[in-house]
$ cat coords-v5.csv   # CSV, C-alpha atoms
chain,number,residue,atom,x,y,z
A,1,MET,CA,161.5,-37.5,45.7
A,2,ARG,CA,159.0,-38.6,43.1
A,3,ILE,CA,157.5,-36.3,40.5
A,4,ARG,CA,154.1,-37.1,39.0
A,5,ILE,CA,151.5,-35.3,37.0
A,6,ALA,CA,147.8,-35.2,38.0
A,7,SER,CA,144.7,-33.6,36.5
A,8,LYS,CA,143.4,-30.3,37.9
A,9,THR,CA,139.8,-30.4,38.9
A,10,ASN,CA,139.3,-27.2,40.9
A,11,LEU,CA,140.8,-24.5,38.6
A,12,SER,CA,138.5,-21.4,38.6
A,13,ARG,CA,137.7,-19.4,35.5
A,14,SER,CA,139.8,-16.5,36.7
A,15,GLN,CA,142.8,-18.7,37.3
A,16,GLU,CA,142.5,-20.2,33.9
A,17,ILE,CA,142.4,-16.8,32.2
A,18,PHE,CA,145.4,-15.7,34.4
A,19,LEU,CA,147.5,-18.7,33.2
A,20,ARG,CA,146.7,-18.0,29.6
A,21,ILE,CA,147.6,-14.3,29.9
A,22,LEU,CA,150.8,-15.4,31.7
A,23,GLY,CA,151.7,-17.7,28.8
A,24,ILE,CA,151.3,-14.8,26.3
A,25,LEU,CA,153.4,-12.4,28.4
A,26,LEU,CA,156.1,-15.0,28.9
A,27,ALA,CA,156.1,-15.6,25.1
A,28,PHE,CA,156.6,-11.9,24.5
A,29,PHE,CA,159.4,-11.8,27.1
A,30,ALA,CA,161.3,-14.8,25.8
A,31,GLY,CA,160.8,-13.7,22.2
A,32,GLY,CA,162.1,-10.3,23.2
A,33,ILE,CA,165.3,-11.9,24.6
A,34,PHE,CA,165.7,-13.8,21.3
A,35,LEU,CA,165.4,-10.6,19.3
A,36,LEU,CA,167.9,-8.8,21.5
A,37,LEU,CA,170.4,-11.6,20.9
A,38,LEU,CA,169.9,-10.9,17.2
A,39,GLY,CA,170.7,-7.2,17.7
A,40,LEU,CA,167.1,-6.1,17.2
A,41,ASN,CA,164.9,-3.9,19.4
A,42,PRO,CA,161.7,-5.9,20.5
A,43,ILE,CA,159.9,-2.6,21.2
A,44,GLU,CA,160.2,-1.9,17.5
A,45,VAL,CA,159.8,-5.4,16.1
A,46,TYR,CA,156.7,-6.4,18.0
A,47,PRO,CA,154.6,-3.5,16.7
A,48,ALA,CA,155.9,-4.1,13.2
A,49,ILE,CA,154.7,-7.7,13.4
A,50,PHE,CA,151.1,-6.7,14.2
A,51,ALA,CA,151.2,-3.6,12.0
A,52,GLY,CA,152.5,-5.7,9.1
A,53,ALA,CA,149.4,-7.8,9.0
A,54,PHE,CA,147.1,-4.7,8.7
A,55,ARG,CA,149.2,-1.9,7.2
A,56,SER,CA,147.4,-1.9,3.9
A,57,THR,CA,144.5,-3.4,2.1
A,58,LEU,CA,146.8,-6.0,0.4
A,59,SER,CA,148.2,-6.9,3.8
A,60,ILE,CA,144.8,-7.5,5.3
A,61,GLN,CA,143.8,-9.6,2.3
A,62,ALA,CA,147.0,-11.6,2.6
A,63,THR,CA,146.3,-12.1,6.3
A,64,VAL,CA,142.8,-13.3,5.6
A,65,LYS,CA,144.1,-15.8,3.0
A,66,ILE,CA,146.4,-17.3,5.7
A,67,LEU,CA,143.5,-17.3,8.2
A,68,ILE,CA,141.0,-19.2,5.9
A,69,PRO,CA,142.7,-22.6,5.9
A,70,MET,CA,143.6,-22.4,9.6
A,71,ILE,CA,140.0,-21.9,10.6
A,72,MET,CA,138.6,-24.6,8.3
A,73,THR,CA,141.3,-27.2,9.2
A,74,SER,CA,140.9,-26.6,12.9
A,75,LEU,CA,137.1,-27.0,12.6
A,76,GLY,CA,137.5,-30.2,10.6
A,77,LEU,CA,139.8,-31.7,13.2
A,78,THR,CA,137.4,-30.6,16.0
A,79,PHE,CA,134.9,-33.3,14.9
A,80,ALA,CA,137.5,-36.1,15.3
A,81,PHE,CA,139.0,-34.7,18.6
A,82,LYS,CA,135.5,-34.3,20.1
A,83,MET,CA,135.1,-38.1,20.1
A,84,LYS,CA,138.8,-38.5,21.1
A,85,PHE,CA,139.8,-39.9,17.8
A,86,TRP,CA,143.3,-38.4,17.4
A,87,ASN,CA,143.3,-37.3,13.7
A,88,ILE,CA,146.8,-36.0,13.1
A,89,GLY,CA,146.2,-36.5,9.4
A,90,GLY,CA,144.8,-33.1,8.5
A,91,GLU,CA,147.8,-32.5,6.2
A,92,GLY,CA,147.2,-35.6,4.2
A,93,GLN,CA,143.4,-35.0,3.9
A,94,ILE,CA,144.1,-31.5,2.7
A,95,VAL,CA,146.5,-32.9,0.0
A,96,MET,CA,144.1,-35.6,-1.1
A,97,GLY,CA,141.3,-33.0,-1.4
A,98,ALA,CA,143.6,-30.9,-3.5
A,99,ILE,CA,144.5,-33.9,-5.8
A,100,PHE,CA,140.8,-34.8,-6.4
A,101,ALA,CA,139.9,-31.2,-7.2
A,102,THR,CA,143.0,-30.7,-9.4
A,103,TYR,CA,141.9,-33.5,-11.7
A,104,PHE,CA,138.8,-31.6,-12.8
A,105,ALA,CA,140.8,-28.3,-12.9
A,106,LEU,CA,143.2,-29.9,-15.4
A,107,PHE,CA,141.0,-32.1,-17.5
A,108,CYS,CA,137.6,-30.4,-17.4
A,109,SER,CA,138.5,-26.7,-17.6
A,110,ASN,CA,136.2,-26.1,-20.5
A,111,TRP,CA,133.1,-26.8,-18.3
A,112,ASN,CA,130.8,-24.0,-17.2
A,113,HIS,CA,132.6,-22.1,-14.5
A,114,TYR,CA,130.1,-22.5,-11.7
A,115,LEU,CA,129.5,-26.2,-12.5
A,116,LEU,CA,133.3,-26.8,-12.5
A,117,ILE,CA,133.8,-25.0,-9.2
A,118,ALA,CA,130.9,-27.0,-7.7
A,119,VAL,CA,132.3,-30.3,-8.9
A,120,MET,CA,135.8,-29.4,-7.7
A,121,LEU,CA,134.3,-28.5,-4.3
A,122,ILE,CA,132.6,-31.9,-4.0
A,123,ALA,CA,135.6,-33.7,-5.3
A,124,GLY,CA,137.9,-32.1,-2.8
A,125,MET,CA,135.5,-33.1,0.0
A,126,VAL,CA,135.3,-36.7,-1.3
A,127,GLY,CA,139.1,-36.9,-1.5
A,128,GLY,CA,139.6,-35.7,2.1
A,129,ALA,CA,136.7,-37.9,3.4
A,130,LEU,CA,138.1,-41.1,1.8
A,131,TRP,CA,141.5,-40.3,3.3
A,132,GLY,CA,140.0,-39.8,6.7
A,133,LEU,CA,137.9,-42.9,6.4
A,134,ILE,CA,141.0,-45.2,6.0
A,135,PRO,CA,142.4,-44.8,9.6
A,136,ALA,CA,138.8,-45.0,11.0
A,137,PHE,CA,138.2,-48.3,9.2
A,138,PHE,CA,141.5,-49.8,10.3
A,139,LYS,CA,141.0,-48.8,13.9
A,140,LEU,CA,137.6,-50.4,14.0
A,141,LYS,CA,138.6,-53.5,12.1
A,142,TYR,CA,142.1,-54.2,13.4
A,143,GLY,CA,142.5,-51.9,16.4
A,144,THR,CA,145.3,-49.9,14.8
A,145,ASN,CA,146.6,-46.7,16.4
A,146,GLU,CA,144.9,-43.8,14.6
A,147,THR,CA,147.6,-41.3,15.6
A,148,LEU,CA,150.4,-43.2,13.8
A,149,LEU,CA,148.3,-44.2,10.9
A,150,THR,CA,146.9,-40.7,10.2
A,151,LEU,CA,150.5,-39.3,10.5
A,152,MET,CA,151.9,-41.8,8.0
A,153,LEU,CA,149.1,-41.1,5.6
A,154,ASN,CA,150.3,-37.5,5.4
A,155,TYR,CA,153.5,-38.6,3.8
A,156,ILE,CA,151.8,-41.0,1.4
A,157,ALA,CA,149.6,-38.2,0.2
A,158,VAL,CA,152.5,-35.8,-0.4
A,159,ASN,CA,154.4,-38.4,-2.3
A,160,ILE,CA,151.4,-39.0,-4.5
A,161,VAL,CA,151.6,-35.4,-5.5
A,162,CYS,CA,155.4,-35.8,-6.2
A,163,TYR,CA,154.6,-38.7,-8.4
A,164,LEU,CA,151.9,-36.8,-10.3
A,165,LYS,CA,154.1,-33.8,-11.0
A,166,GLU,CA,157.0,-36.0,-12.1
A,167,GLY,CA,154.8,-38.2,-14.2
A,168,PRO,CA,151.2,-38.1,-15.6
A,169,TRP,CA,150.4,-34.5,-14.7
A,170,ARG,CA,153.8,-33.0,-15.4
A,171,ASP,CA,153.7,-29.7,-17.2
A,172,ALA,CA,155.1,-30.3,-20.7
A,173,LYS,CA,156.0,-26.6,-21.0
A,174,ALA,CA,158.0,-26.6,-17.9
A,175,GLN,CA,161.7,-26.3,-18.5
A,176,GLY,CA,164.4,-27.4,-16.0
A,177,PHE,CA,162.1,-28.7,-13.3
A,178,SER,CA,158.9,-30.7,-12.8
A,179,LYS,CA,155.6,-29.0,-11.9
A,180,ILE,CA,151.9,-29.4,-12.5
A,181,PRO,CA,150.4,-26.8,-15.0
A,182,ARG,CA,148.8,-23.7,-13.7
A,183,PHE,CA,145.0,-23.8,-13.6
A,184,ASP,CA,142.9,-22.1,-16.3
A,185,ASN,CA,141.1,-19.0,-15.1
A,186,ASN,CA,137.9,-20.9,-15.4
A,187,ALA,CA,139.0,-23.2,-12.6
A,188,VAL,CA,139.9,-20.4,-10.2
A,189,LEU,CA,137.7,-19.3,-7.2
A,190,ASP,CA,136.0,-16.0,-7.6
A,191,LYS,CA,137.0,-13.1,-5.4
A,192,VAL,CA,134.7,-11.4,-2.9
A,193,PHE,CA,136.0,-8.1,-1.4
A,194,GLY,CA,139.4,-8.8,-2.9
A,195,VAL,CA,139.9,-12.3,-1.3
A,196,HIS,CA,138.9,-15.6,-2.9
A,197,CYS,CA,135.5,-16.8,-1.7
A,198,GLY,CA,137.0,-19.5,0.5
A,199,TRP,CA,136.3,-17.2,3.4
A,200,ILE,CA,132.5,-17.7,2.7
A,201,PHE,CA,133.1,-21.5,2.9
A,202,ALA,CA,134.9,-20.9,6.3
A,203,ILE,CA,131.9,-19.0,7.7
A,204,ILE,CA,129.5,-21.7,6.5
A,205,ILE,CA,131.6,-24.5,8.1
A,206,LEU,CA,131.9,-22.5,11.3
A,207,ILE,CA,128.1,-22.2,11.6
A,208,PHE,CA,127.6,-25.8,10.6
A,209,THR,CA,130.1,-27.1,13.1
A,210,PHE,CA,128.6,-25.1,16.0
A,211,ILE,CA,125.1,-26.2,15.2
A,212,TYR,CA,126.0,-29.8,14.5
A,213,LEU,CA,128.1,-30.4,17.6
A,214,ASN,CA,125.8,-28.5,20.0
A,215,TYR,CA,122.3,-28.8,18.8
A,216,THR,CA,121.9,-32.1,16.9
A,217,LYS,CA,121.5,-35.7,18.0
A,218,LYS,CA,124.5,-36.8,16.0
A,219,GLY,CA,126.6,-34.1,17.7
A,220,TYR,CA,125.5,-35.4,21.1
A,221,GLU,CA,126.5,-38.9,20.0
A,222,ILE,CA,130.0,-37.7,19.2
A,223,SER,CA,130.3,-36.2,22.7
A,224,VAL,CA,129.1,-39.4,24.3
A,225,VAL,CA,131.6,-41.6,22.3
A,226,GLY,CA,134.3,-39.2,23.3
A,227,TYR,CA,133.4,-39.5,27.0
A,228,SER,CA,133.1,-43.3,26.9
A,229,ALA,CA,132.6,-45.7,24.0
A,230,LYS,CA,131.2,-48.3,26.3
A,231,THR,CA,128.7,-45.9,27.7
A,232,ALA,CA,127.6,-45.1,24.2
A,233,GLU,CA,127.2,-48.7,23.4
A,234,TYR,CA,125.2,-49.3,26.6
A,235,ALA,CA,122.9,-46.4,25.6
A,236,GLY,CA,122.2,-48.2,22.3
A,237,MET,CA,124.4,-46.0,20.1
A,238,GLN,CA,126.1,-47.5,17.0
A,239,VAL,CA,129.6,-46.5,17.9
A,240,LYS,CA,131.3,-47.8,14.8
A,241,LYS,CA,128.9,-46.0,12.6
A,242,ILE,CA,129.4,-42.8,14.6
A,243,ILE,CA,133.2,-43.0,14.3
A,244,LEU,CA,133.0,-43.6,10.5
A,245,ARG,CA,130.5,-40.8,9.9
A,246,THR,CA,132.5,-38.3,12.0
A,247,MET,CA,135.8,-39.1,10.3
A,248,LEU,CA,134.1,-38.7,7.0
A,249,ILE,CA,133.0,-35.2,8.0
A,250,SER,CA,136.4,-34.4,9.5
A,251,GLY,CA,138.2,-35.5,6.4
A,252,ALA,CA,135.7,-33.8,4.1
A,253,ILE,CA,136.2,-30.4,5.7
A,254,CYS,CA,140.0,-30.8,5.5
A,255,GLY,CA,139.7,-31.9,1.9
A,256,LEU,CA,137.7,-28.8,1.1
A,257,VAL,CA,140.7,-26.8,2.5
A,258,GLY,CA,142.9,-28.5,-0.2
A,259,MET,CA,140.4,-27.5,-2.9
A,260,VAL,CA,140.3,-23.9,-1.6
A,261,GLN,CA,144.1,-23.6,-1.5
A,262,THR,CA,144.7,-25.0,-5.0
A,263,THR,CA,141.9,-22.9,-6.7
A,264,GLY,CA,142.1,-19.8,-4.5
A,265,SER,CA,145.7,-19.3,-3.5
A,266,ASP,CA,148.2,-21.4,-5.4
A,267,ILE,CA,146.2,-21.8,-8.7
A,268,THR,CA,148.0,-25.1,-9.1
A,269,LEU,CA,148.8,-28.3,-7.2
A,270,THR,CA,152.2,-28.5,-5.4
A,271,ASP,CA,153.5,-30.8,-2.7
A,272,GLU,CA,153.4,-27.8,-0.3
A,273,VAL,CA,149.7,-27.3,-0.7
A,274,ALA,CA,149.0,-28.0,2.9
A,275,GLY,CA,151.8,-25.8,4.1
A,276,GLY,CA,151.8,-27.2,7.7
A,277,VAL,CA,148.2,-26.1,8.3
A,278,GLY,CA,147.2,-29.6,9.2
A,279,PHE,CA,149.6,-29.5,12.2
A,280,SER,CA,148.8,-25.9,13.1
A,281,GLY,CA,145.1,-26.9,13.1
A,282,VAL,CA,145.8,-29.5,15.8
A,283,ILE,CA,147.4,-26.8,18.1
A,284,ILE,CA,144.6,-24.3,17.3
A,285,ALA,CA,141.8,-26.8,18.0
A,286,TRP,CA,143.3,-27.8,21.4
A,287,LEU,CA,144.1,-24.2,22.5
A,288,SER,CA,140.5,-23.3,21.7
A,289,LYS,CA,139.2,-26.3,23.7
A,290,LEU,CA,137.3,-27.4,20.6
A,291,ASN,CA,135.1,-24.3,20.7
A,292,PRO,CA,134.3,-23.2,17.1
A,293,PHE,CA,134.2,-19.5,17.8
A,294,VAL,CA,137.3,-19.5,19.9
A,295,ILE,CA,139.0,-21.2,17.0
A,296,VAL,CA,138.4,-18.1,14.9
A,297,ILE,CA,140.1,-15.9,17.5
A,298,VAL,CA,143.1,-18.2,18.0
A,299,SER,CA,143.5,-18.7,14.2
A,300,GLY,CA,143.5,-14.9,13.9
A,301,PHE,CA,146.4,-14.6,16.3
A,302,PHE,CA,148.3,-17.3,14.4
A,303,ALA,CA,147.6,-15.7,11.0
A,304,VAL,CA,148.7,-12.2,12.2
A,305,LEU,CA,151.9,-13.7,13.7
A,306,GLU,CA,152.7,-15.6,10.4
A,307,LYS,CA,151.9,-12.6,8.1
A,308,GLY,CA,153.7,-10.1,10.5
A,309,SER,CA,156.8,-12.3,10.7
A,310,SER,CA,157.1,-12.3,6.9
A,311,VAL,CA,157.0,-8.5,6.9
A,312,VAL,CA,159.6,-8.3,9.7
A,313,GLN,CA,161.8,-10.6,7.5
A,314,SER,CA,162.0,-8.0,4.8
A,315,GLN,CA,161.9,-4.9,7.0
A,316,TYR,CA,164.7,-5.9,9.5
A,317,GLY,CA,166.6,-8.5,7.4
A,318,LEU,CA,165.5,-11.3,9.6
A,319,SER,CA,166.0,-14.7,8.0
A,320,THR,CA,163.2,-17.2,7.5
A,321,ASP,CA,164.6,-19.5,10.1
A,322,CYS,CA,164.8,-16.8,12.7
A,323,ALA,CA,161.2,-15.8,12.0
A,324,ASP,CA,160.2,-19.5,12.5
A,325,VAL,CA,162.1,-19.7,15.7
A,326,LEU,CA,160.3,-16.6,17.0
A,327,GLN,CA,156.9,-18.2,16.1
A,328,GLY,CA,158.1,-21.4,17.8
A,329,ILE,CA,158.9,-19.5,21.0
A,330,PHE,CA,155.4,-18.1,21.1
A,331,LEU,CA,153.9,-21.5,20.6
A,332,PHE,CA,156.1,-23.1,23.3
A,333,PHE,CA,155.1,-20.7,26.0
A,334,ILE,CA,151.5,-20.5,25.1
A,335,MET,CA,151.2,-24.3,24.9
A,336,GLY,CA,153.3,-24.7,28.1
A,337,CYS,CA,151.0,-22.5,30.2
A,338,GLU,CA,148.0,-24.3,28.6
A,339,PHE,CA,149.4,-27.5,30.2
A,340,PHE,CA,149.1,-26.0,33.6
A,341,THR,CA,145.4,-25.2,33.1
A,342,ARG,CA,144.7,-28.9,32.9
A,343,TYR,CA,147.4,-30.6,35.0
A,344,GLN,CA,149.5,-30.0,38.1
A,345,ILE,CA,153.0,-31.3,39.0
A,346,ILE,CA,153.1,-33.1,42.3
A,347,LEU,CA,156.3,-33.5,44.3
A,348,ASP,CA,156.1,-36.5,46.6
A,349,LYS,CA,158.4,-36.4,49.5
A,350,ARG,CA,158.9,-38.7,52.5
A,351,GLY,CA,157.5,-36.1,54.9
A,352,GLY,CA,154.5,-35.4,52.8
A,353,LYS,CA,153.3,-34.0,49.5
A,354,LYS,CA,153.8,-30.6,47.9
A,355,ASN,CA,151.8,-29.4,44.9
A,356,ALA,CA,153.4,-27.2,42.3

$ encode --input "coords-v5.csv" --output "structure tokens"
Amino acid sequence: MRIRIASKTNLSRSQEIFLRILGILLAFFAGGIFLLLLGLNPIEVYPAIFAGAFRSTLSIQATVKILIPMIMTSLGLTFAFKMKFWNIGGEGQIVMGAIFATYFALFCSNWNHYLLIAVMLIAGMVGGALWGLIPAFFKLKYGTNETLLTLMLNYIAVNIVCYLKEGPWRDAKAQGFSKIPRFDNNAVLDKVFGVHCGWIFAIIILIFTFIYLNYTKKGYEISVVGYSAKTAEYAGMQVKKIILRTMLISGAICGLVGMVQTTGSDITLTDEVAGGVGFSGVIIAWLSKLNPFVIVIVSGFFAVLEKGSSVVQSQYGLSTDCADVLQGIFLFFIMGCEFFTRYQIILDKRGGKKNA
């Protein structure tokens, strides 16, 4: 018997919805078993997770703060994925955007507040764009694998932060450990409705992404390159230029996330500034099938799960590792059922074929 995987071409909309609902139900079921093994009642814990994300004004604001970088990063990666450029370097681009923005926060803090924020915003986008341009350049020039290169650039970016906090940007007032100084209030994002104005940036990027990818010539070119680079060349499109331009946009949006995180949430630069959002963005973008508005919904689910899990940790004495395992179980089953919306497993036997 041979087992092979083939693409599904005749899956109806109702079947697709059914598989996704099945994935969520299986995730809750498997997570419930895990909670029972820990001696907890899933019927009590699950409502606590979702209630924990919305139980108070502060909880809602905290959930929104988690949601902002998820949406922005997923939208940024959507540009690259749309043309089948596998940008796994969201983490590194976020970090580089944070580094570029931090320079002005530390050494230009006496500037006019709005001028400083504007310059930091641009700097963050430039940092992320340049970091996104590197793998695009090497792929076009030398045919390198963008998945590996963007992944390796993540670690390089994080280690640059480690060098800065140990060396030139080390806080002289810090005692016992190395860290970068906390930003002056002049370099902190203003709050709107109790949350830093990064959520306004997220809305602007959402609208920009939707219009750019669906209603502009450049967005159409991205789709064509993603479908077939040779077809794009035959149609007279400048494929190299399209790839470079798109990766600049993708990296710039991720770099803006770094600026928002440092000036809106952390108020300093740390090597944890990305916080895994770059990798979460990959999952969110693909679960959403690169649809900007679906990205908001999926990101909302992830944000609620992350915030709610932190509440359960304190309420039920659940360790951080156990909360992470619970989140991993949800991701495993949701991603697993997503696999079956695109592919089918075919069992080849001597007497014929059987599709699973």

$ atom_distance --input "coords-v5.csv" --atom1 "CA of Ile117 (chain A)" --atom2 "CA of Val158 (chain A)"
23.3 Å

$ closest_residue --input "coords-v5.csv" --among "A:Ile160, A:Met125, A:Ile284, A:Leu206" --to "Ile94 (chain A)" --atoms "only C-alpha atoms"
A:Met125

$ residues_around --input "coords-v5.csv" --residues "Val239 (chain A)" --least-positions-apart "4" --cutoff "8 Å" --atoms "all atoms listed in the file" --output "PDB file with C-alpha atoms, keeping the file's coordinate frame"
ATOM      1  CA  VAL A 225     131.600 -41.600  22.300  1.00  0.00           C
ATOM      2  CA  ALA A 229     132.600 -45.700  24.000  1.00  0.00           C
ATOM      3  CA  ALA A 232     127.600 -45.100  24.200  1.00  0.00           C
ATOM      4  CA  GLU A 233     127.200 -48.700  23.400  1.00  0.00           C
ATOM      5  CA  ILE A 243     133.200 -43.000  14.300  1.00  0.00           C
TER       6      ILE A 243
END

$ residues_around --input "coords-v5.csv" --residues "Ile99 (chain A)" --least-positions-apart "4" --cutoff "8 Å" --atoms "only C-alpha atoms" --output "PDB file with C-alpha atoms, keeping the file's coordinate frame"
ATOM      1  CA  VAL A  95     146.500 -32.900   0.000  1.00  0.00           C
ATOM      2  CA  TYR A 103     141.900 -33.500 -11.700  1.00  0.00           C
ATOM      3  CA  GLY A 124     137.900 -32.100  -2.800  1.00  0.00           C
ATOM      4  CA  GLY A 127     139.100 -36.900  -1.500  1.00  0.00           C
ATOM      5  CA  VAL A 161     151.600 -35.400  -5.500  1.00  0.00           C
ATOM      6  CA  GLY A 258     142.900 -28.500  -0.200  1.00  0.00           C
ATOM      7  CA  LEU A 269     148.800 -28.300  -7.200  1.00  0.00           C
TER       8      LEU A 269
END

$ atom_distance --input "coords-v5.csv" --atom1 "CA of Ile242 (chain A)" --atom2 "CA of Glu221 (chain A)"
7.3 Å

$ closest_residue --input "coords-v5.csv" --among "A:Phe79, A:Tyr343, A:Phe85, A:Trp131" --to "Ala98 (chain A)" --atoms "only C-alpha atoms"
A:Trp131

$ residues_near_point --input "coords-v5.csv" --point "(134.5, -17.6, -5.8)" --cutoff "10 Å" --atoms "only C-alpha atoms" --output "short mmCIF file (atom, residue, chain, number, x, y, z; two decimals) with C-alpha atoms, keeping the file's coordinate frame"
data_model
loop_
_atom_site.label_atom_id
_atom_site.label_comp_id
_atom_site.auth_asym_id
_atom_site.auth_seq_id
_atom_site.Cartn_x
_atom_site.Cartn_y
_atom_site.Cartn_z
CA HIS A 113 132.60 -22.10 -14.50
CA TYR A 114 130.10 -22.50 -11.70
CA ILE A 117 133.80 -25.00 -9.20
CA ALA A 187 139.00 -23.20 -12.60
CA VAL A 188 139.90 -20.40 -10.20
CA LEU A 189 137.70 -19.30 -7.20
CA ASP A 190 136.00 -16.00 -7.60
CA LYS A 191 137.00 -13.10 -5.40
CA VAL A 192 134.70 -11.40 -2.90
CA VAL A 195 139.90 -12.30 -1.30
CA HIS A 196 138.90 -15.60 -2.90
CA CYS A 197 135.50 -16.80 -1.70
CA GLY A 198 137.00 -19.50 0.50
CA TRP A 199 136.30 -17.20 3.40
CA ILE A 200 132.50 -17.70 2.70
CA PHE A 201 133.10 -21.50 2.90
CA VAL A 260 140.30 -23.90 -1.60
CA THR A 263 141.90 -22.90 -6.70
CA GLY A 264 142.10 -19.80 -4.50
#

$ residues_around --input "coords-v5.csv" --residues "region 136-138 of chain A" --least-positions-apart "6" --cutoff "8 Å" --atoms "only C-alpha atoms" --output "PyMOL selection string"
chain A and resi 144+146+243-244+247

$ residues_near_point --input "coords-v5.csv" --point "(152.2, -27.6, -9.5)" --cutoff "6 Å" --atoms "all atoms listed in the file" --output "list in words"
Lys179, Ile180, Pro181, Thr268, Leu269 and Thr270 of chain A

$ write_last_selection --input "coords-v5.csv" --atoms "C-alpha atoms" --output "PDB file, in the frame of the given file"
ATOM      1  CA  LYS A 179     155.600 -29.000 -11.900  1.00  0.00           C
ATOM      2  CA  ILE A 180     151.900 -29.400 -12.500  1.00  0.00           C
ATOM      3  CA  PRO A 181     150.400 -26.800 -15.000  1.00  0.00           C
ATOM      4  CA  THR A 268     148.000 -25.100  -9.100  1.00  0.00           C
ATOM      5  CA  LEU A 269     148.800 -28.300  -7.200  1.00  0.00           C
ATOM      6  CA  THR A 270     152.200 -28.500  -5.400  1.00  0.00           C
TER       7      THR A 270
END

$ residues_around --input "coords-v5.csv" --residues "Lys289 (chain A)" --least-positions-apart "5" --cutoff "12 Å" --atoms "only C-alpha atoms" --output "PyMOL selection string"
chain A and resi 74-75+77-78+81-82+282-284+294-295+298+338+341-342

$ write_last_selection --input "coords-v5.csv" --atoms "C-alpha atoms" --output "short mmCIF file (atom, residue, chain, number, x, y, z; two decimals), in the coordinates of the input"
data_model
loop_
_atom_site.label_atom_id
_atom_site.label_comp_id
_atom_site.auth_asym_id
_atom_site.auth_seq_id
_atom_site.Cartn_x
_atom_site.Cartn_y
_atom_site.Cartn_z
CA SER A 74 140.90 -26.60 12.90
CA LEU A 75 137.10 -27.00 12.60
CA LEU A 77 139.80 -31.70 13.20
CA THR A 78 137.40 -30.60 16.00
CA PHE A 81 139.00 -34.70 18.60
CA LYS A 82 135.50 -34.30 20.10
CA VAL A 282 145.80 -29.50 15.80
CA ILE A 283 147.40 -26.80 18.10
CA ILE A 284 144.60 -24.30 17.30
CA VAL A 294 137.30 -19.50 19.90
CA ILE A 295 139.00 -21.20 17.00
CA VAL A 298 143.10 -18.20 18.00
CA GLU A 338 148.00 -24.30 28.60
CA THR A 341 145.40 -25.20 33.10
CA ARG A 342 144.70 -28.90 32.90
#

$ residues_around --input "coords-v5.csv" --residues "Cys337 (chain A)" --least-positions-apart "5" --cutoff "8 Å" --atoms "only C-alpha atoms" --output "MDAnalysis selection string"
chainID A and resid 19:20 22:23

$ atom_distance --input "coords-v5.csv" --atom1 "CA of Ile134 (chain A)" --atom2 "CA of Leu256 (chain A)"
17.4 Å

$ decode --input "coords-v5.csv" --residues "region 275-286 of chain A" --atoms "N, CA and C atoms" --output "mmCIF file, in the first residue's frame"
data_model
loop_
_atom_site.group_PDB
_atom_site.id
_atom_site.type_symbol
_atom_site.label_atom_id
_atom_site.label_comp_id
_atom_site.auth_asym_id
_atom_site.auth_seq_id
_atom_site.Cartn_x
_atom_site.Cartn_y
_atom_site.Cartn_z
ATOM 1 N N GLY A 275 8.333 39.012 20.424
ATOM 2 C CA GLY A 275 7.490 38.153 21.235
ATOM 3 C C GLY A 275 6.815 37.003 20.498
ATOM 4 N N GLY A 276 7.425 36.545 19.395
ATOM 5 C CA GLY A 276 6.842 35.436 18.657
ATOM 6 C C GLY A 276 5.730 35.837 17.696
ATOM 7 N N VAL A 277 5.436 37.133 17.640
ATOM 8 C CA VAL A 277 4.351 37.601 16.772
ATOM 9 C C VAL A 277 4.667 37.334 15.300
ATOM 10 N N GLY A 278 5.955 37.405 14.941
ATOM 11 C CA GLY A 278 6.326 37.154 13.558
ATOM 12 C C GLY A 278 5.962 35.758 13.099
ATOM 13 N N PHE A 279 6.067 34.782 14.004
ATOM 14 C CA PHE A 279 5.704 33.407 13.656
ATOM 15 C C PHE A 279 4.192 33.204 13.733
ATOM 16 N N SER A 280 3.550 33.844 14.727
ATOM 17 C CA SER A 280 2.091 33.771 14.811
ATOM 18 C C SER A 280 1.452 34.375 13.569
ATOM 19 N N GLY A 281 2.072 35.440 13.057
ATOM 20 C CA GLY A 281 1.546 36.094 11.864
ATOM 21 C C GLY A 281 1.513 35.185 10.656
ATOM 22 N N VAL A 282 2.498 34.288 10.560
ATOM 23 C CA VAL A 282 2.530 33.323 9.456
ATOM 24 C C VAL A 282 1.300 32.421 9.528
ATOM 25 N N ILE A 283 1.018 31.909 10.725
ATOM 26 C CA ILE A 283 -0.129 31.011 10.915
ATOM 27 C C ILE A 283 -1.429 31.750 10.650
ATOM 28 N N ILE A 284 -1.551 32.959 11.195
ATOM 29 C CA ILE A 284 -2.785 33.731 11.039
ATOM 30 C C ILE A 284 -3.044 34.049 9.569
ATOM 31 N N ALA A 285 -2.002 34.468 8.870
ATOM 32 C CA ALA A 285 -2.164 34.827 7.455
ATOM 33 C C ALA A 285 -2.658 33.639 6.637
ATOM 34 N N TRP A 286 -2.103 32.449 6.894
ATOM 35 C CA TRP A 286 -2.499 31.285 6.111
ATOM 36 C C TRP A 286 -3.856 30.747 6.512
#
